[in-house]
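Down below is the structure, laid out as structure tokens.
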Amino acid sequence: MNQRTMHLRHIDPDDGAEVHRLLCVPEVYEYLADGVEPSPSITSDWISAAANDSVPYGGGLWALTRPNERQILGLVRLADDGKGELELTYLLHPSVWGFGYATRMAHTAMDHGFGTGLVSAIWAGADEPNTASISVMKRLGMNFRRKVEYPAGVGVEYVMESTAFDSSRIELLSIV
């Protein structure tokens, strides 16, 4: 599969069914929703909240798609944590695991967020057994911040300070 055929695009309200379809894949919600399939209201709440994330810090919710297709193969979100930092969340459909998309999506979103000049740090968290997500954080150059307690058990957080971010380190996806 040619990675250059993928890009990120901003989520719009018409994407609700596609976002929900992706969130309801068991391998996706295993860690994202602590193993519980999310309801449609969770999906719409996530899309609504993401619309507010874009102001003023450059956050938001983007979909990984192929050109001219509506099918969403991945999502990346930067959410304002209210402390001058953004929380990074990323997820992929299992059919595109192992191609580097999670790392490139996350790096592209981080580049967008840090590009505002208003964000001091971007952090991400994962359940401790989610080694794939933790590997993405490490490939991004994020540093271990702390262990945390999530509803489903122990997790970890990693962080990237704005001064340490190098946008040229990983090939960016285009945002359309």
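Residues in the structure tokens are named by chain (A, B, ... in the order shown) and by number from 1 within that chain; ligands are numbered from 1 in the order shown.
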Open item on the list: If we count only C-alpha atoms and set the cut-off at 12 Å, which residues sit around stretch 141-148 of chain A, ignoring sequence neighbours fewer than 6 positions away in its own chain? Please answer as a PyMOL selection string.
Closed with: chain A and resi 88+103+106-107+110+121-128+133-135+154-167+169-170
Would you mind exporting the chosen residues as a tab-separated table (two decimals), in the first residue's frame, restricted to N, CA and C atoms?
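Saved file again34.tsv follows:
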```
chain	number	residue	atom	x	y	z
A	88	LEU	N	-2.97	14.39	22.91
A	88	LEU	CA	-2.93	13.72	21.62
A	88	LEU	C	-3.58	12.34	21.75
A	103	THR	N	2.08	6.95	13.58
A	103	THR	CA	3.19	7.86	13.85
A	103	THR	C	3.10	9.10	12.98
A	106	ALA	N	0.04	11.32	14.04
A	106	ALA	CA	0.33	12.02	15.29
A	106	ALA	C	1.35	13.13	15.08
A	107	HIS	N	2.40	12.84	14.34
A	107	HIS	CA	3.44	13.84	14.08
A	107	HIS	C	2.87	15.04	13.31
A	110	MET	N	0.81	17.07	15.70
A	110	MET	CA	1.69	17.80	16.60
A	110	MET	C	2.31	19.01	15.90
A	121	ALA	N	3.30	22.17	25.36
A	121	ALA	CA	3.59	20.73	25.32
A	121	ALA	C	2.38	19.98	24.77
A	122	ILE	N	2.66	18.82	24.24
A	122	ILE	CA	1.62	17.89	23.80
A	122	ILE	C	1.92	16.56	24.47
A	123	TRP	N	0.88	15.97	25.05
A	123	TRP	CA	1.07	14.71	25.76
A	123	TRP	C	0.07	13.67	25.26
A	124	ALA	N	0.40	12.41	25.51
A	124	ALA	CA	-0.47	11.30	25.14
A	124	ALA	C	-0.40	10.26	26.24
A	125	GLY	N	-1.46	9.52	26.39
A	125	GLY	CA	-1.51	8.45	27.38
A	125	GLY	C	-1.96	7.15	26.75
A	126	ALA	N	-1.61	6.06	27.39
A	126	ALA	CA	-2.01	4.74	26.90
A	126	ALA	C	-2.08	3.78	28.08
A	127	ASP	N	-2.96	2.79	27.96
A	127	ASP	CA	-2.97	1.69	28.93
A	127	ASP	C	-1.62	0.99	28.82
A	128	GLU	N	-1.09	0.56	29.95
A	128	GLU	CA	0.23	-0.06	29.95
A	128	GLU	C	0.35	-1.28	29.02
A	133	SER	N	0.74	1.51	21.03
A	133	SER	CA	0.57	2.95	21.21
A	133	SER	C	1.77	3.56	21.92
A	134	ILE	N	2.30	2.86	22.88
A	134	ILE	CA	3.48	3.36	23.59
A	134	ILE	C	4.67	3.44	22.63
A	135	SER	N	4.77	2.48	21.72
A	135	SER	CA	5.85	2.51	20.72
A	135	SER	C	5.72	3.72	19.81
A	154	VAL	N	-3.56	0.40	35.07
A	154	VAL	CA	-2.41	1.29	35.02
A	154	VAL	C	-2.13	1.72	33.58
A	155	GLY	N	-1.79	2.99	33.45
A	155	GLY	CA	-1.40	3.53	32.15
A	155	GLY	C	-0.16	4.37	32.30
A	156	VAL	N	0.29	4.90	31.17
A	156	VAL	CA	1.47	5.76	31.15
A	156	VAL	C	1.17	6.98	30.31
A	157	GLU	N	1.87	8.06	30.62
A	157	GLU	CA	1.79	9.28	29.82
A	157	GLU	C	3.19	9.63	29.33
A	158	TYR	N	3.22	10.11	28.09
A	158	TYR	CA	4.44	10.61	27.48
A	158	TYR	C	4.18	12.05	27.03
A	159	VAL	N	5.23	12.86	26.95
A	159	VAL	CA	5.07	14.27	26.63
A	159	VAL	C	6.18	14.74	25.68
A	160	MET	N	5.82	15.73	24.87
A	160	MET	CA	6.79	16.41	23.99
A	160	MET	C	6.68	17.90	24.29
A	161	GLU	N	7.77	18.51	24.70
A	161	GLU	CA	7.81	19.95	24.92
A	161	GLU	C	7.97	20.63	23.56
A	162	SER	N	7.38	21.81	23.41
A	162	SER	CA	7.45	22.51	22.13
A	162	SER	C	8.88	22.76	21.68
A	163	THR	N	9.78	23.03	22.63
A	163	THR	CA	11.17	23.34	22.29
A	163	THR	C	11.93	22.12	21.77
A	164	ALA	N	11.42	20.92	22.02
A	164	ALA	CA	12.09	19.70	21.58
A	164	ALA	C	11.51	19.14	20.27
A	165	PHE	N	10.42	19.72	19.80
A	165	PHE	CA	9.75	19.18	18.61
A	165	PHE	C	10.51	19.56	17.34
A	166	ASP	N	10.73	18.58	16.48
A	166	ASP	CA	11.39	18.78	15.19
A	166	ASP	C	10.43	18.30	14.10
A	167	SER	N	9.82	19.23	13.40
A	167	SER	CA	8.82	18.85	12.41
A	167	SER	C	9.38	18.06	11.25
A	169	ARG	N	11.53	15.61	11.48
A	169	ARG	CA	11.99	14.30	11.94
A	169	ARG	C	11.23	13.14	11.30
A	170	ILE	N	9.94	13.33	11.04
A	170	ILE	CA	9.08	12.30	10.47
A	170	ILE	C	8.30	12.93	9.32
```
Compile the contact shell of A:Ala79 as a PDB file with N, CA and C atoms, in the first residue's frame: residues with an atom at most 8 Å away, counting only C-alpha atoms, same-chain residues fewer than 5 positions apart removed.
```pdb
ATOM      1  N   ALA A  50     -14.443  18.074  19.653  1.00  0.00           N
ATOM      2  CA  ALA A  50     -13.287  18.315  18.786  1.00  0.00           C
ATOM      3  C   ALA A  50     -13.430  19.624  18.028  1.00  0.00           C
ATOM      4  N   ASP A  53     -11.970  22.238  20.060  1.00  0.00           N
ATOM      5  CA  ASP A  53     -10.529  22.119  20.290  1.00  0.00           C
ATOM      6  C   ASP A  53      -9.704  22.968  19.331  1.00  0.00           C
ATOM      7  N   GLY A  59      -5.921  22.712  17.971  1.00  0.00           N
ATOM      8  CA  GLY A  59      -6.326  21.323  18.128  1.00  0.00           C
ATOM      9  C   GLY A  59      -7.392  20.974  17.108  1.00  0.00           C
ATOM     10  N   GLY A  60      -7.982  19.831  17.274  1.00  0.00           N
ATOM     11  CA  GLY A  60      -9.045  19.402  16.380  1.00  0.00           C
ATOM     12  C   GLY A  60      -9.029  17.907  16.187  1.00  0.00           C
ATOM     13  N   LEU A  86      -1.813  20.273  24.964  1.00  0.00           N
ATOM     14  CA  LEU A  86      -2.804  19.549  24.189  1.00  0.00           C
ATOM     15  C   LEU A  86      -2.632  18.053  24.426  1.00  0.00           C
ATOM     16  N   GLU A  87      -3.760  17.354  24.510  1.00  0.00           N
ATOM     17  CA  GLU A  87      -3.736  15.898  24.630  1.00  0.00           C
ATOM     18  C   GLU A  87      -3.863  15.294  23.238  1.00  0.00           C
ATOM     19  N   LEU A  88      -2.972  14.391  22.907  1.00  0.00           N
ATOM     20  CA  LEU A  88      -2.933  13.715  21.623  1.00  0.00           C
ATOM     21  C   LEU A  88      -3.582  12.339  21.746  1.00  0.00           C
TER      22      LEU A  88
END
```
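The spacing separating atom CA of A:Ser120 from atom CA of A:Tyr57 amounts to 10.2 Å.
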Task: Among listed residues A:Val119, A:Phe114, A:Leu91, A:Pro13, nearest A:Glu30 (using only C-alpha atoms) - done: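 Result for the nearest residue to A:Glu30: A:Leu91.
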- [ ] Please return as a PyMOL selection string: the residues of stretch 129-173 of chain A that backbone DSSP assigns to helix (DSSP H, G or I).
- [x] chain A and resi 131-139+162-164
What does the file look like for those residues with N, CA and C atoms, as a short mmCIF file (atom, residue, chain, number, x, y, z; two decimals), in the first residue's frame?
```
data_model
loop_
_atom_site.label_atom_id
_atom_site.label_comp_id
_atom_site.auth_asym_id
_atom_site.auth_seq_id
_atom_site.Cartn_x
_atom_site.Cartn_y
_atom_site.Cartn_z
N THR A 131 1.15 -1.76 24.04
CA THR A 131 2.54 -1.54 23.66
C THR A 131 2.67 -0.87 22.29
N ALA A 132 1.72 -1.12 21.40
CA ALA A 132 1.79 -0.48 20.07
C ALA A 132 1.67 1.03 20.20
N SER A 133 0.74 1.51 21.03
CA SER A 133 0.57 2.95 21.21
C SER A 133 1.77 3.56 21.92
N ILE A 134 2.30 2.86 22.88
CA ILE A 134 3.48 3.36 23.59
C ILE A 134 4.67 3.44 22.63
N SER A 135 4.77 2.48 21.72
CA SER A 135 5.85 2.51 20.72
C SER A 135 5.72 3.72 19.81
N VAL A 136 4.49 4.10 19.46
CA VAL A 136 4.26 5.29 18.64
C VAL A 136 4.78 6.52 19.40
N MET A 137 4.43 6.64 20.67
CA MET A 137 4.88 7.79 21.46
C MET A 137 6.41 7.88 21.48
N LYS A 138 7.05 6.74 21.61
CA LYS A 138 8.51 6.73 21.63
C LYS A 138 9.08 7.10 20.26
N ARG A 139 8.48 6.58 19.16
CA ARG A 139 8.95 6.95 17.81
C ARG A 139 8.78 8.44 17.55
N SER A 162 7.38 21.81 23.41
CA SER A 162 7.45 22.51 22.13
C SER A 162 8.88 22.76 21.68
N THR A 163 9.78 23.03 22.63
CA THR A 163 11.17 23.34 22.29
C THR A 163 11.93 22.12 21.77
N ALA A 164 11.42 20.92 22.02
CA ALA A 164 12.09 19.70 21.58
C ALA A 164 11.51 19.14 20.27
#
```
Task: Close residues, A:Glu18 itself excluded, 12 Å, only C-alpha atoms, min 2 positions apart in chain, as a list in words - done: Ile11, Asp12, Pro13, Asp14, Asp15, Gly16, His20, Arg21, Leu22, Leu23, Cys24, Val25, Pro40, Thr43, Ser44, Ile47, Ala63, Leu64, Thr65, Glu69, Arg70, Gln71, Ile72, Leu73, Gly74, Leu75 and His93 of chain A
Expected answer as a PDB file with C-alpha atoms, in the first residue's frame: strand (DSSP E or B) residues in chain A:
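As written to disk, selection_34.pdb reads:
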```
ATOM      1  CA  HIS A   7      -3.940  12.240   3.841  1.00  0.00           C
ATOM      2  CA  LEU A   8      -5.643  13.872   6.809  1.00  0.00           C
ATOM      3  CA  ARG A   9      -8.786  15.937   6.543  1.00  0.00           C
ATOM      4  CA  HIS A  10     -10.793  17.793   9.144  1.00  0.00           C
ATOM      5  CA  GLY A  60      -9.045  19.402  16.380  1.00  0.00           C
ATOM      6  CA  LEU A  61      -9.989  16.044  14.963  1.00  0.00           C
ATOM      7  CA  TRP A  62      -8.666  14.771  11.641  1.00  0.00           C
ATOM      8  CA  ALA A  63      -9.509  11.655   9.659  1.00  0.00           C
ATOM      9  CA  LEU A  64      -7.031   9.500   7.773  1.00  0.00           C
ATOM     10  CA  THR A  65      -8.531   8.801   4.354  1.00  0.00           C
ATOM     11  CA  GLY A  74      -7.801   6.455  11.294  1.00  0.00           C
ATOM     12  CA  LEU A  75      -8.360   9.414  13.578  1.00  0.00           C
ATOM     13  CA  VAL A  76      -6.003  11.812  15.308  1.00  0.00           C
ATOM     14  CA  ARG A  77      -7.132  14.398  17.834  1.00  0.00           C
ATOM     15  CA  LEU A  78      -5.511  17.247  19.731  1.00  0.00           C
ATOM     16  CA  ALA A  79      -7.688  18.294  22.660  1.00  0.00           C
ATOM     17  CA  ASP A  80      -7.149  21.357  24.848  1.00  0.00           C
ATOM     18  CA  GLU A  85      -1.051  21.706  26.740  1.00  0.00           C
ATOM     19  CA  LEU A  86      -2.804  19.549  24.189  1.00  0.00           C
ATOM     20  CA  GLU A  87      -3.736  15.898  24.630  1.00  0.00           C
ATOM     21  CA  LEU A  88      -2.933  13.715  21.623  1.00  0.00           C
ATOM     22  CA  THR A  89      -5.146  10.741  20.752  1.00  0.00           C
ATOM     23  CA  TYR A  90      -4.721   8.529  17.691  1.00  0.00           C
ATOM     24  CA  LEU A  91      -6.335   5.344  16.460  1.00  0.00           C
ATOM     25  CA  LEU A  92      -6.313   3.232  13.318  1.00  0.00           C
ATOM     26  CA  ALA A 121       3.585  20.731  25.319  1.00  0.00           C
ATOM     27  CA  ILE A 122       1.618  17.890  23.796  1.00  0.00           C
ATOM     28  CA  TRP A 123       1.069  14.709  25.760  1.00  0.00           C
ATOM     29  CA  ALA A 124      -0.471  11.302  25.141  1.00  0.00           C
ATOM     30  CA  GLY A 125      -1.509   8.449  27.377  1.00  0.00           C
ATOM     31  CA  ALA A 126      -2.012   4.737  26.905  1.00  0.00           C
ATOM     32  CA  ASP A 127      -2.970   1.692  28.926  1.00  0.00           C
ATOM     33  CA  ASN A 143       9.458  11.389  26.842  1.00  0.00           C
ATOM     34  CA  PHE A 144       7.972   9.346  29.676  1.00  0.00           C
ATOM     35  CA  ARG A 145       6.085  11.662  32.031  1.00  0.00           C
ATOM     36  CA  ARG A 146       4.422   9.412  34.620  1.00  0.00           C
ATOM     37  CA  LYS A 147       2.329   6.370  35.396  1.00  0.00           C
ATOM     38  CA  VAL A 148      -1.391   7.018  35.786  1.00  0.00           C
ATOM     39  CA  GLU A 149      -4.422   5.060  36.936  1.00  0.00           C
ATOM     40  CA  TYR A 150      -7.140   4.621  34.313  1.00  0.00           C
ATOM     41  CA  GLY A 153      -5.875  -0.221  35.085  1.00  0.00           C
ATOM     42  CA  VAL A 154      -2.410   1.293  35.024  1.00  0.00           C
ATOM     43  CA  GLY A 155      -1.404   3.529  32.154  1.00  0.00           C
ATOM     44  CA  VAL A 156       1.469   5.755  31.150  1.00  0.00           C
ATOM     45  CA  GLU A 157       1.791   9.276  29.821  1.00  0.00           C
ATOM     46  CA  TYR A 158       4.445  10.610  27.477  1.00  0.00           C
ATOM     47  CA  VAL A 159       5.072  14.272  26.632  1.00  0.00           C
ATOM     48  CA  MET A 160       6.795  16.408  23.992  1.00  0.00           C
ATOM     49  CA  GLU A 161       7.807  19.951  24.916  1.00  0.00           C
ATOM     50  CA  ILE A 175      -3.941  18.002   5.537  1.00  0.00           C
TER      51      ILE A 175
END
```
- [ ] Could you please determine the separation between atom CA of A:His112 and atom CA of A:Trp46 in Å, to one decimal place?
- [x]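 Atom-to-atom, atom CA of A:His112 and atom CA of A:Trp46 are spaced 19.6 Å apart.
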Task: Atom pair atom CA of A:Asp81 / atom CA of A:Gly58: separation (Å) - done: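 So the two atoms, atom CA of A:Asp81 and atom CA of A:Gly58, lie 12.4 Å apart.
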Open item on the list: My list of candidates is A:Arg66, A:Ser174, A:Pro151, A:Ser41. Which is closest to A:Val96 when distances are computed with only C-alpha atoms?
Closed with: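 Selected residue with least distance to A:Val96: A:Arg66.
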